[in-house]
Structures are given as structure tokens and as C-alpha cells.
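First up is the structure itself, then whatever we jot down about it.
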Amino acid sequence: MKWILIIWVMLIFFLTFAHKTKSADICIDLGHGGDAPGAPTYIPGFTEDSVNLMVGHRLKDLLDWDPSHSYVFTRLIDTELTLWDRAIIANENQVCAFVSIHHNGDSS
């Protein structure tokens, strides 16, 4: 929960300076996905991409409370995107900020 609060504060900071003519203020990238699971976690059956998705869905719920800012996610399902795909999504939406969510692995 502490990390969601930190991410929320960072988003508010970025959105405060967002230019309103953009089609989206911020692009939120949930790292990894698909055949690129990322780092393993200490919880059996979970990898970095699944944790990123859980955080992303919770973040989306929080962002939906404030309709004054717009956002776009690179993905909300377990699918693999190349770095190029992620950049295209951000550029097509002319975002002011790009935030990529990742987690460190932990084997203990």
C-alpha cells in the first residue's frame, strides 16, 4: 500500500504540470508481460509481470476517482509488448509523462 501511495503522489505531481491540449496526460506502462515474466517473487506462482498487473489495476481504480486528468495504460492484460510498442502508445496519445512500473525480484 505504501508503494501505491508513493506512485499516486508522483502521478499527481506530474499531472499538475500536464498540458491540457494533450489527448492523455500520462502513460502508465506495466512492465513485462506475456512471455517475458520478469523477476520471480517470493510468493509461489507470482512473477513480476503479475504483480505489475495487480498494481496497475489498483492504480487504475485510484485514477478513476479523479476525472480531471486523463491517462492511458500500455496494457491491462497479460500480453507482451515490445519497447517500440510501448513508445508508440505513448506517442500516439501525446502524453506529458511516461511511468513504467516494475518490481524487484526476491527469493527469500
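Starting from 1 in every chain, residues are counted up; chains themselves are A, B, ... following the order of the C-alpha cells, and ligands are numbered from 1 as listed.
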Residues at most 12 Å from A:Ile88, counting only C-alpha atoms, excluding those fewer than 3 positions away in the same chain, as a ChimeraX atom specification? /A:27,29,72-74,81-85,91-95,98
Find the spatial neighbours of A:Tyr71, counting only C-alpha atoms, within a cut-off of 7 Å - ignore same-chain residues fewer than 3 positions away - and output them as a VMD selection string. chain A and resid 24 to 27
Output the selection as a short mmCIF file (atom, residue, chain, number, x, y, z; two decimals), in the first residue's frame - C-alpha atoms for each residue.
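What ended up in part.cif:
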data_model
loop_
_atom_site.label_atom_id
_atom_site.label_comp_id
_atom_site.auth_asym_id
_atom_site.auth_seq_id
_atom_site.Cartn_x
_atom_site.Cartn_y
_atom_site.Cartn_z
CA ALA A 24 -3.72 11.91 -22.37
CA ASP A 25 -1.76 13.42 -19.51
CA ILE A 26 0.16 10.31 -18.58
CA CYS A 27 1.05 6.90 -19.96
#
Tell me, as a PyMOL selection string, which residues lie within 9 Å of A:Leu53, counting only C-alpha atoms; anything in the same chain fewer than 4 positions away does not count. chain A and resi 30-31+33+48-49+57-58+75-78
Name the residues of stretch 18-86 of chain A that fall into strand (DSSP E or B) according to DSSP on the backbone, using the chain letters and numbers of this document, as a ChimeraX atom specification. /A:26-30,33,36,40,47,71-73
Residues near A:Glu80, anyone? I mean within 7 Å using only C-alpha atoms, not counting same-chain ones fewer than 5 positions away, as a ChimeraX atom specification. /A:32-36
Residue selection dump (N, CA and C atoms) as a PDB file, in the first residue's frame:
ATOM      1  N   HIS A  32       6.958  -5.734 -18.366  1.00  0.00           N
ATOM      2  CA  HIS A  32       6.980  -7.155 -18.739  1.00  0.00           C
ATOM      3  C   HIS A  32       5.619  -7.586 -19.272  1.00  0.00           C
ATOM      4  N   GLY A  33       5.297  -8.864 -19.171  1.00  0.00           N
ATOM      5  CA  GLY A  33       4.026  -9.378 -19.664  1.00  0.00           C
ATOM      6  C   GLY A  33       4.218 -10.434 -20.733  1.00  0.00           C
ATOM      7  N   GLY A  34       3.227 -11.278 -20.906  1.00  0.00           N
ATOM      8  CA  GLY A  34       3.278 -12.330 -21.916  1.00  0.00           C
ATOM      9  C   GLY A  34       4.387 -13.321 -21.629  1.00  0.00           C
ATOM     10  N   ASP A  35       5.251 -13.547 -22.630  1.00  0.00           N
ATOM     11  CA  ASP A  35       6.362 -14.488 -22.488  1.00  0.00           C
ATOM     12  C   ASP A  35       7.560 -13.897 -21.742  1.00  0.00           C
ATOM     13  N   ALA A  36       7.458 -12.654 -21.289  1.00  0.00           N
ATOM     14  CA  ALA A  36       8.527 -12.001 -20.526  1.00  0.00           C
ATOM     15  C   ALA A  36       8.023 -11.750 -19.102  1.00  0.00           C
TER      16      ALA A  36
END
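For the pair atom CA of A:Thr79 and atom CA of A:Leu62, the interatomic distance is 22.6 Å.
Atom CA of A:Gly56 lies 8.0 Å from atom CA of A:Ile101.
Distances from A:Ile89, A:Ser70, A:Trp65, A:Tyr42 to A:Gly105 were compared using only C-alpha atoms, and the smallest one belongs to A:Tyr42.
Separating atom CA of A:Arg86 from atom CA of A:Pro67 is a distance of 23.6 Å.
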Hey, which of A:Ile28, A:Ile43, A:Leu63, A:Met54 ends up closest to A:Ala87? Count only C-alpha atoms. A:Ile28
